[in-house]
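Okay, start.pdb is below, PDB, C-alpha atoms and all ligand atoms:
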ATOM      1  CA  MET A   1      -1.810  37.904 -30.227
ATOM      2  CA  PRO A   2      -3.742  39.741 -27.531
ATOM      3  CA  GLU A   3      -6.112  37.478 -25.624
ATOM      4  CA  LEU A   4      -9.059  38.365 -23.409
ATOM      5  CA  PRO A   5      -7.084  39.977 -20.549
ATOM      6  CA  GLU A   6      -5.050  42.136 -22.915
ATOM      7  CA  VAL A   7      -8.125  43.232 -24.859
ATOM      8  CA  GLU A   8      -9.928  44.015 -21.591
ATOM      9  CA  THR A   9      -6.935  46.029 -20.392
ATOM     10  CA  VAL A  10      -6.853  48.014 -23.624
ATOM     11  CA  ALA A  11     -10.628  48.587 -23.559
ATOM     12  CA  ASN A  12     -10.507  49.772 -19.934
ATOM     13  CA  GLY A  13      -7.523  52.011 -20.623
ATOM     14  CA  VAL A  14      -9.170  53.586 -23.656
ATOM     15  CA  ASP A  15     -12.464  53.945 -21.744
ATOM     16  CA  ALA A  16     -10.745  55.823 -18.918
ATOM     17  CA  ARG A  17      -9.225  58.244 -21.428
ATOM     18  CA  VAL A  18     -11.988  58.893 -23.953
ATOM     19  CA  ARG A  19     -15.304  58.343 -22.137
ATOM     20  CA  GLY A  20     -17.504  61.383 -22.661
ATOM     21  CA  ASP A  21     -15.273  62.795 -25.373
ATOM     22  CA  ARG A  22     -16.720  63.753 -28.747
ATOM     23  CA  ILE A  23     -15.358  62.619 -32.084
ATOM     24  CA  GLU A  24     -14.757  65.791 -34.070
ATOM     25  CA  GLU A  25     -13.168  64.171 -37.077
ATOM     26  CA  ALA A  26     -12.301  60.667 -38.200
ATOM     27  CA  TRP A  27      -9.606  59.633 -40.655
ATOM     28  CA  PHE A  28      -8.888  56.161 -41.983
ATOM     29  CA  SER A  29      -6.135  54.982 -44.308
ATOM     30  CA  SER A  30      -6.938  53.633 -47.740
ATOM     31  CA  LYS A  31      -5.423  50.233 -46.936
ATOM     32  CA  PRO A  32      -8.346  47.842 -47.329
ATOM     33  CA  GLU A  33      -7.231  45.126 -44.861
ATOM     34  CA  PRO A  34      -8.140  46.738 -41.561
ATOM     35  CA  MET A  35     -11.540  48.021 -42.745
ATOM     36  CA  LYS A  36     -14.746  46.043 -42.400
ATOM     37  CA  THR A  37     -16.651  49.184 -43.341
ATOM     38  CA  PRO A  38     -15.494  51.474 -46.189
ATOM     39  CA  PRO A  39     -13.346  54.273 -44.697
ATOM     40  CA  ALA A  40     -15.583  57.124 -45.854
ATOM     41  CA  ALA A  41     -18.750  55.500 -44.474
ATOM     42  CA  MET A  42     -17.003  54.708 -41.195
ATOM     43  CA  ALA A  43     -15.769  58.294 -40.822
ATOM     44  CA  LYS A  44     -19.263  59.619 -41.526
ATOM     45  CA  ALA A  45     -20.893  57.291 -39.007
ATOM     46  CA  LEU A  46     -18.429  58.272 -36.254
ATOM     47  CA  THR A  47     -18.013  62.014 -36.731
ATOM     48  CA  GLY A  48     -20.006  64.009 -34.202
ATOM     49  CA  ARG A  49     -20.673  61.037 -31.916
ATOM     50  CA  THR A  50     -19.996  61.232 -28.200
ATOM     51  CA  ILE A  51     -18.321  58.187 -26.701
ATOM     52  CA  GLU A  52     -20.515  56.835 -23.911
ATOM     53  CA  ARG A  53     -18.152  54.051 -23.005
ATOM     54  CA  VAL A  54     -15.642  51.543 -24.311
ATOM     55  CA  ARG A  55     -15.787  47.891 -23.301
ATOM     56  CA  ARG A  56     -14.665  44.432 -24.274
ATOM     57  CA  VAL A  57     -16.977  41.905 -25.890
ATOM     58  CA  GLY A  58     -15.094  38.665 -26.519
ATOM     59  CA  LYS A  59     -11.877  39.770 -28.152
ATOM     60  CA  HIS A  60     -13.511  42.830 -29.682
ATOM     61  CA  ILE A  61     -13.438  46.377 -28.359
ATOM     62  CA  VAL A  62     -16.864  47.982 -28.595
ATOM     63  CA  PHE A  63     -17.488  51.722 -28.555
ATOM     64  CA  ASP A  64     -20.998  52.702 -27.412
ATOM     65  CA  PHE A  65     -22.197  56.194 -28.193
ATOM     66  CA  THR A  66     -24.421  58.541 -26.244
ATOM     67  CA  PRO A  67     -27.965  58.392 -27.627
ATOM     68  CA  ALA A  68     -28.599  60.987 -30.326
ATOM     69  CA  PRO A  69     -32.308  60.529 -31.079
ATOM     70  CA  GLU A  70     -32.399  62.168 -34.500
ATOM     71  CA  ARG A  71     -29.331  60.386 -35.815
ATOM     72  CA  ASP A  72     -30.214  57.123 -34.096
ATOM     73  CA  ALA A  73     -33.627  57.159 -35.742
ATOM     74  CA  VAL A  74     -31.800  56.824 -39.049
ATOM     75  CA  GLN A  75     -29.039  54.517 -37.884
ATOM     76  CA  ARG A  76     -27.844  53.557 -34.428
ATOM     77  CA  VAL A  77     -24.282  52.321 -34.480
ATOM     78  CA  GLN A  78     -21.376  50.959 -32.489
ATOM     79  CA  TRP A  79     -17.737  51.055 -33.500
ATOM     80  CA  ILE A  80     -16.011  47.672 -33.290
ATOM     81  CA  VAL A  81     -12.248  47.223 -33.186
ATOM     82  CA  HIS A  82     -10.392  43.912 -33.246
ATOM     83  CA  LEU A  83      -6.676  44.146 -32.517
ATOM     84  CA  GLY A  84      -5.717  41.073 -34.566
ATOM     85  CA  MET A  85      -2.053  40.124 -34.078
ATOM     86  CA  THR A  86      -0.350  43.474 -33.609
ATOM     87  CA  GLY A  87      -3.108  46.086 -33.504
ATOM     88  CA  ARG A  88      -2.918  48.848 -30.905
ATOM     89  CA  LEU A  89      -5.326  51.555 -29.805
ATOM     90  CA  VAL A  90      -3.461  54.478 -28.354
ATOM     91  CA  VAL A  91      -4.635  57.814 -26.990
ATOM     92  CA  ALA A  92      -2.059  60.481 -27.823
ATOM     93  CA  ASP A  93      -1.576  64.221 -27.994
ATOM     94  CA  PRO A  94      -1.672  65.442 -31.583
ATOM     95  CA  ASP A  95       1.888  66.775 -31.394
ATOM     96  CA  VAL A  96       3.196  63.238 -30.818
ATOM     97  CA  PRO A  97       4.147  62.114 -34.348
ATOM     98  CA  ARG A  98       1.892  59.440 -35.789
ATOM     99  CA  PRO A  99       3.831  56.185 -35.875
ATOM    100  CA  PRO A 100       4.153  54.187 -39.104
ATOM    101  CA  HIS A 101       1.214  51.855 -39.801
ATOM    102  CA  THR A 102      -1.357  54.258 -38.336
ATOM    103  CA  HIS A 103      -4.584  53.222 -40.078
ATOM    104  CA  GLY A 104      -7.141  55.246 -38.180
ATOM    105  CA  VAL A 105      -7.240  58.508 -36.221
ATOM    106  CA  LEU A 106     -10.186  59.933 -34.302
ATOM    107  CA  ARG A 107      -9.630  63.577 -33.393
ATOM    108  CA  LEU A 108     -11.446  64.264 -30.124
ATOM    109  CA  ARG A 109     -12.928  67.428 -28.673
ATOM    110  CA  SER A 110     -10.453  67.214 -25.754
ATOM    111  CA  GLY A 111      -7.726  67.808 -28.305
ATOM    112  CA  ARG A 112      -6.334  64.300 -28.087
ATOM    113  CA  GLU A 113      -6.309  61.642 -30.757
ATOM    114  CA  LEU A 114      -7.338  58.031 -30.576
ATOM    115  CA  ARG A 115      -5.116  56.119 -32.998
ATOM    116  CA  PHE A 116      -5.308  52.634 -34.409
ATOM    117  CA  ILE A 117      -1.870  51.345 -35.318
ATOM    118  CA  ASP A 118      -1.284  47.928 -36.831
ATOM    119  CA  ALA A 119       1.921  46.804 -38.529
ATOM    120  CA  ARG A 120       0.685  43.427 -39.715
ATOM    121  CA  ARG A 121      -2.853  44.511 -40.578
ATOM    122  CA  PHE A 122      -4.713  41.531 -39.120
ATOM    123  CA  GLY A 123      -6.688  43.935 -36.950
ATOM    124  CA  ARG A 124     -10.120  45.092 -38.049
ATOM    125  CA  MET A 125     -12.315  48.155 -37.610
ATOM    126  CA  GLY A 126     -15.951  48.375 -38.548
ATOM    127  CA  ILE A 127     -19.347  49.880 -37.873
ATOM    128  CA  HIS A 128     -21.962  47.633 -36.297
ATOM    129  CA  VAL A 129     -25.488  48.785 -37.059
ATOM    130  CA  LEU A 130     -27.885  48.031 -34.215
ATOM    131  CA  GLU A 131     -31.326  46.599 -34.659
ATOM    132  CA  LYS A 132     -34.139  49.057 -34.210
ATOM    133  CA  VAL A 133     -34.617  48.692 -30.465
ATOM    134  CA  LEU A 134     -35.516  52.323 -30.020
ATOM    135  CA  ASP A 135     -39.238  51.752 -29.570
ATOM    136  CA  LYS A 136     -38.576  50.135 -26.217
ATOM    137  CA  PRO A 137     -35.592  51.927 -24.771
ATOM    138  CA  GLU A 138     -34.597  49.451 -22.100
ATOM    139  CA  LYS A 139     -31.623  50.047 -19.828
ATOM    140  CA  PRO A 140     -30.140  46.684 -18.894
ATOM    141  CA  LYS A 141     -28.331  46.824 -15.567
ATOM    142  CA  ASP A 142     -26.559  43.521 -15.796
ATOM    143  CA  GLU A 143     -23.595  43.571 -18.165
ATOM    144  CA  ALA A 144     -23.646  39.832 -18.647
ATOM    145  CA  ALA A 145     -27.340  39.849 -19.460
ATOM    146  CA  GLY A 146     -26.405  41.817 -22.487
ATOM    147  CA  ILE A 147     -26.513  45.307 -23.712
ATOM    148  CA  PRO A 148     -28.133  45.523 -27.103
ATOM    149  CA  GLY A 149     -25.779  45.335 -29.983
ATOM    150  CA  PHE A 150     -22.616  43.548 -30.963
ATOM    151  CA  LYS A 151     -22.265  40.097 -29.433
ATOM    152  CA  GLY A 152     -19.466  38.289 -31.240
ATOM    153  CA  PRO A 153     -19.130  34.512 -31.427
ATOM    154  CA  GLY A 154     -18.896  32.089 -28.506
ATOM    155  CA  THR A 155     -19.581  32.379 -24.796
ATOM    156  CA  GLU A 156     -18.006  34.880 -22.445
ATOM    157  CA  PRO A 157     -15.589  32.948 -20.214
ATOM    158  CA  LEU A 158     -15.815  35.333 -17.269
ATOM    159  CA  HIS A 159     -19.584  34.922 -16.969
ATOM    160  CA  ILE A 160     -20.155  31.296 -17.931
ATOM    161  CA  SER A 161     -21.608  29.101 -15.175
ATOM    162  CA  LYS A 162     -20.245  25.687 -14.208
ATOM    163  CA  ALA A 163     -23.223  23.977 -15.813
ATOM    164  CA  GLU A 164     -22.838  25.871 -19.091
ATOM    165  CA  PHE A 165     -19.113  25.154 -19.083
ATOM    166  CA  ARG A 166     -19.719  21.395 -18.751
ATOM    167  CA  GLN A 167     -22.295  21.613 -21.530
ATOM    168  CA  LEU A 168     -19.807  23.250 -23.886
ATOM    169  CA  PHE A 169     -17.064  20.678 -23.445
ATOM    170  CA  HIS A 170     -18.433  17.349 -22.306
ATOM    171  CA  LEU A 171     -19.187  16.019 -25.797
ATOM    172  CA  ARG A 172     -16.186  17.437 -27.650
ATOM    173  CA  ARG A 173     -14.090  14.687 -29.094
ATOM    174  CA  THR A 174     -11.004  16.854 -29.506
ATOM    175  CA  SER A 175      -8.185  17.574 -27.103
ATOM    176  CA  ILE A 176      -9.205  19.865 -24.278
ATOM    177  CA  LYS A 177      -6.548  22.326 -25.425
ATOM    178  CA  ALA A 178      -8.086  22.514 -28.919
ATOM    179  CA  ALA A 179     -11.553  22.908 -27.397
ATOM    180  CA  LEU A 180     -10.370  25.767 -25.184
ATOM    181  CA  LEU A 181      -8.883  27.514 -28.216
ATOM    182  CA  ASN A 182     -12.088  27.077 -30.232
ATOM    183  CA  GLN A 183     -13.468  30.615 -30.281
ATOM    184  CA  SER A 184     -16.954  29.474 -31.214
ATOM    185  CA  LEU A 185     -17.159  27.755 -27.794
ATOM    186  CA  LEU A 186     -15.454  30.177 -25.403
ATOM    187  CA  HIS A 187     -14.200  33.424 -26.779
ATOM    188  CA  GLY A 188     -11.028  35.194 -25.793
ATOM    189  CA  VAL A 189      -9.029  32.256 -24.440
ATOM    190  CA  GLY A 190      -5.911  31.829 -26.549
ATOM    191  CA  ASN A 191      -2.681  29.918 -26.230
ATOM    192  CA  ILE A 192      -1.258  31.551 -23.085
ATOM    193  CA  TYR A 193      -4.382  31.308 -20.960
ATOM    194  CA  ALA A 194      -5.313  27.832 -22.194
ATOM    195  CA  ASP A 195      -1.906  26.496 -21.079
ATOM    196  CA  GLU A 196      -1.975  28.359 -17.773
ATOM    197  CA  SER A 197      -5.557  27.272 -17.000
ATOM    198  CA  LEU A 198      -4.818  23.612 -17.756
ATOM    199  CA  PHE A 199      -1.789  23.748 -15.458
ATOM    200  CA  ARG A 200      -3.838  25.138 -12.600
ATOM    201  CA  ALA A 201      -6.594  22.599 -13.204
ATOM    202  CA  LYS A 202      -3.897  19.843 -13.273
ATOM    203  CA  ILE A 203      -5.140  18.521 -16.625
ATOM    204  CA  ARG A 204      -2.917  17.481 -19.520
ATOM    205  CA  PRO A 205      -3.582  19.459 -22.702
ATOM    206  CA  ARG A 206      -3.884  16.384 -24.955
ATOM    207  CA  ARG A 207      -6.684  14.750 -22.932
ATOM    208  CA  MET A 208      -9.876  14.395 -24.917
ATOM    209  CA  ALA A 209     -12.435  16.907 -23.669
ATOM    210  CA  ALA A 210     -15.239  14.321 -23.654
ATOM    211  CA  ARG A 211     -13.188  12.093 -21.330
ATOM    212  CA  LEU A 212     -12.776  14.686 -18.596
ATOM    213  CA  THR A 213     -14.707  14.012 -15.427
ATOM    214  CA  THR A 214     -17.270  16.476 -14.126
ATOM    215  CA  GLU A 215     -14.898  17.295 -11.320
ATOM    216  CA  GLU A 216     -12.103  18.046 -13.780
ATOM    217  CA  LEU A 217     -14.356  20.251 -15.896
ATOM    218  CA  ASP A 218     -15.413  22.134 -12.776
ATOM    219  CA  ARG A 219     -11.780  22.579 -11.814
ATOM    220  CA  LEU A 220     -10.986  23.869 -15.296
ATOM    221  CA  HIS A 221     -13.944  26.257 -15.182
ATOM    222  CA  GLY A 222     -12.592  27.736 -11.953
ATOM    223  CA  ALA A 223      -9.029  27.852 -13.295
ATOM    224  CA  VAL A 224      -9.976  29.647 -16.531
ATOM    225  CA  GLN A 225     -11.859  32.353 -14.639
ATOM    226  CA  LYS A 226      -9.164  32.734 -12.010
ATOM    227  CA  VAL A 227      -6.344  32.988 -14.548
ATOM    228  CA  LEU A 228      -8.222  35.502 -16.690
ATOM    229  CA  ARG A 229      -9.182  37.670 -13.702
ATOM    230  CA  GLU A 230      -5.649  37.630 -12.339
ATOM    231  CA  ALA A 231      -4.257  38.551 -15.750
ATOM    232  CA  ILE A 232      -6.725  41.427 -16.105
ATOM    233  CA  ARG A 233      -5.688  42.695 -12.683
ATOM    234  CA  LEU A 234      -2.047  42.679 -13.771
ATOM    235  CA  GLY A 235      -2.723  44.413 -17.067
ATOM    236  CA  GLY A 236      -2.384  41.339 -19.287
ATOM    237  CA  SER A 237       0.735  39.540 -20.514
ATOM    238  CA  SER A 238       3.407  41.298 -22.526
ATOM    239  CA  VAL A 239       4.896  38.525 -24.593
ATOM    240  CA  SER A 240       5.345  40.206 -27.962
ATOM    241  CA  ASP A 241       4.548  43.801 -28.722
ATOM    242  CA  TYR A 242       1.387  44.048 -26.660
ATOM    243  CA  VAL A 243       0.997  47.340 -24.787
ATOM    244  CA  ASP A 244      -2.082  48.891 -23.224
ATOM    245  CA  ALA A 245      -3.773  52.166 -24.158
ATOM    246  CA  ALA A 246      -1.100  54.213 -22.415
ATOM    247  CA  GLY A 247       1.760  52.249 -23.945
ATOM    248  CA  GLU A 248       2.443  50.341 -20.715
ATOM    249  CA  ARG A 249       3.352  46.684 -20.731
ATOM    250  CA  GLY A 250       1.411  44.111 -18.711
ATOM    251  CA  PHE A 251       2.850  41.970 -15.928
ATOM    252  CA  PHE A 252       1.008  38.668 -16.022
ATOM    253  CA  GLN A 253       3.889  37.058 -17.958
ATOM    254  CA  LEU A 254       5.823  37.118 -14.669
ATOM    255  CA  ARG A 255       3.213  34.760 -13.221
ATOM    256  CA  HIS A 256       3.262  32.207 -16.019
ATOM    257  CA  ASN A 257       3.692  28.710 -14.651
ATOM    258  CA  VAL A 258       4.191  26.892 -17.930
ATOM    259  CA  TYR A 259       3.732  29.126 -20.979
ATOM    260  CA  MET A 260       7.100  29.569 -22.747
ATOM    261  CA  ARG A 261       8.934  27.936 -19.835
ATOM    262  CA  THR A 262      10.053  24.811 -21.735
ATOM    263  CA  GLY A 263      12.822  22.971 -19.868
ATOM    264  CA  GLN A 264      12.599  25.222 -16.819
ATOM    265  CA  PRO A 265      11.633  23.674 -13.477
ATOM    266  CA  CYS A 266       7.942  23.546 -12.600
ATOM    267  CA  LEU A 267       7.296  26.110  -9.867
ATOM    268  CA  VAL A 268       5.274  23.527  -7.926
ATOM    269  CA  CYS A 269       7.221  20.238  -8.256
ATOM    270  CA  GLY A 270      10.520  21.098  -9.963
ATOM    271  CA  ALA A 271      10.068  18.796 -12.980
ATOM    272  CA  PRO A 272      11.134  20.335 -16.307
ATOM    273  CA  ILE A 273       8.227  21.899 -18.211
ATOM    274  CA  ARG A 274       7.516  20.107 -21.496
ATOM    275  CA  ARG A 275       6.504  21.520 -24.848
ATOM    276  CA  VAL A 276       4.384  19.608 -27.351
ATOM    277  CA  VAL A 277       2.318  20.692 -30.327
ATOM    278  CA  VAL A 278      -1.458  20.407 -29.855
ATOM    279  CA  ALA A 279      -3.974  21.808 -32.324
ATOM    280  CA  GLY A 280      -1.040  23.284 -34.231
ATOM    281  CA  ARG A 281       0.071  25.375 -31.272
ATOM    282  CA  GLY A 282       3.083  25.134 -29.016
ATOM    283  CA  THR A 283       1.684  23.779 -25.759
ATOM    284  CA  HIS A 284       3.399  23.802 -22.382
ATOM    285  CA  TYR A 285       2.671  21.574 -19.400
ATOM    286  CA  CYS A 286       4.147  19.903 -16.341
ATOM    287  CA  PRO A 287       4.376  16.118 -16.809
ATOM    288  CA  VAL A 288       4.137  15.545 -13.064
ATOM    289  CA  CYS A 289       1.484  18.022 -11.886
ATOM    290  CA  GLN A 290      -0.872  17.509 -14.847
ATOM    291  CA  HIS A 291      -2.686  14.239 -15.468
TER     292      HIS A 291
HETATM  293 ZN    ZN A 301       4.895  20.285 -11.680
END
Structure re-expressed in structure tokens:
Amino acid sequence: MPELPEVETVANGVDARVRGDRIEEAWFSSKPEPMKTPPAAMAKALTGRTIERVRRVGKHIVFDFTPAPERDAVQRVQWIVHLGMTGRLVVADPDVPRPPHTHGVLRLRSGRELRFIDARRFGRMGIHVLEKVLDKPEKPKDEAAGIPGFKGPGTEPLHISKAEFRQLFHLRRTSIKAALLNQSLLHGVGNIYADESLFRAKIRPRRMAARLTTEELDRLHGAVQKVLREAIRLGGSSVSDYVDAAGERGFFQLRHNVYMRTGQPCLVCGAPIRRVVVAGRGTHYCPVCQH
């Protein structure tokens, strides 16, 4: 399942390819699973819109559109895509055959197509209708401070401060691994990055979050941000069928210290990496480096 770095890589890749392009026509399949908005309504809301930019919010990909005062006065919208388990957003030339499981196609003025492909159909597409903020057209400069519109659940791990991070976890009476995976606390951290962050912070995944010291929580805060940033820089981790907007695989999997390295020597101390199940998920850690 794509986690924050993979979703960010896809969003950035799509942004670089479709920013400024206009949606001439939108088509969506009649399969109900990937649609949060009925296909016809979604196509109507998107057709004729110019893509201002594409960005990640949590594990969602958000399409912002260039202001269109007359249309916006009726309804100002964003297009929200969640990749689910196997969803992909790909920019392709129209003469490249549409792969099986293509559930959405935006035909763009540039002649290219933006396609949503999803074999397992856990991905979602929908229209987010913005509140009427048009009376006071503010232009927020700070991304973290929030652009109006879709927010998603949980706190953004790349922007959270040390103090906020402690606040989120210091009373949780679950394992720290489960707390990291809880999307209503931090969003976008899944199994890979939880394991890798705990390794770097030298904390065992089964420790109760509420028992961690302030120093440990601070270490974990730093580790989560560092791991996510490094993974974004390397284009995410390709562990299943994840590919970015251009169909390229990511490289962060080559830097994994513990994830899916059961029985292999720890890269720091040489002890064999262990696998246990925590919060229902396969969890990997070094029994010597992590306490
Ligand atoms: Zn070790």
Which neighbours of Phe122 (chain A) fall inside 8 Å, counting all atoms listed in the file, when residues of the same chain fewer than 3 positions from it are skipped, and could you give them as a count of residues only?
8
Calculate how many Å separate CA of Glu70 (chain A) from CA of Leu108 (chain A), rounding to one decimal.
21.5 Å
Hits of the PyMOL selection byres (((chain A and resi 256-263) around 12) and not hetatm) in this structure, as a ChimeraX atom specification
/A:190-200,202,204-205,227-228,230-231,234,236-240,251-255,264-276,281-287,289-290
Tell me which of A:Ser110, A:Thr50, A:Thr213, A:Thr174 sits closest to Gly20 (chain A), counting all atoms listed in the file.
A:Thr50
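With all atoms listed in the file as the atoms that count, the minimum distance from ligand ZN 301 (chain A) to the choices A:Gly154, A:Ala223, A:Pro99, A:Ala201 is reached by A:Ala201.
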If I take CA of Glu24 (chain A) and CA of Phe65 (chain A), how far is one from the other in Å, to one decimal?
13.5 Å
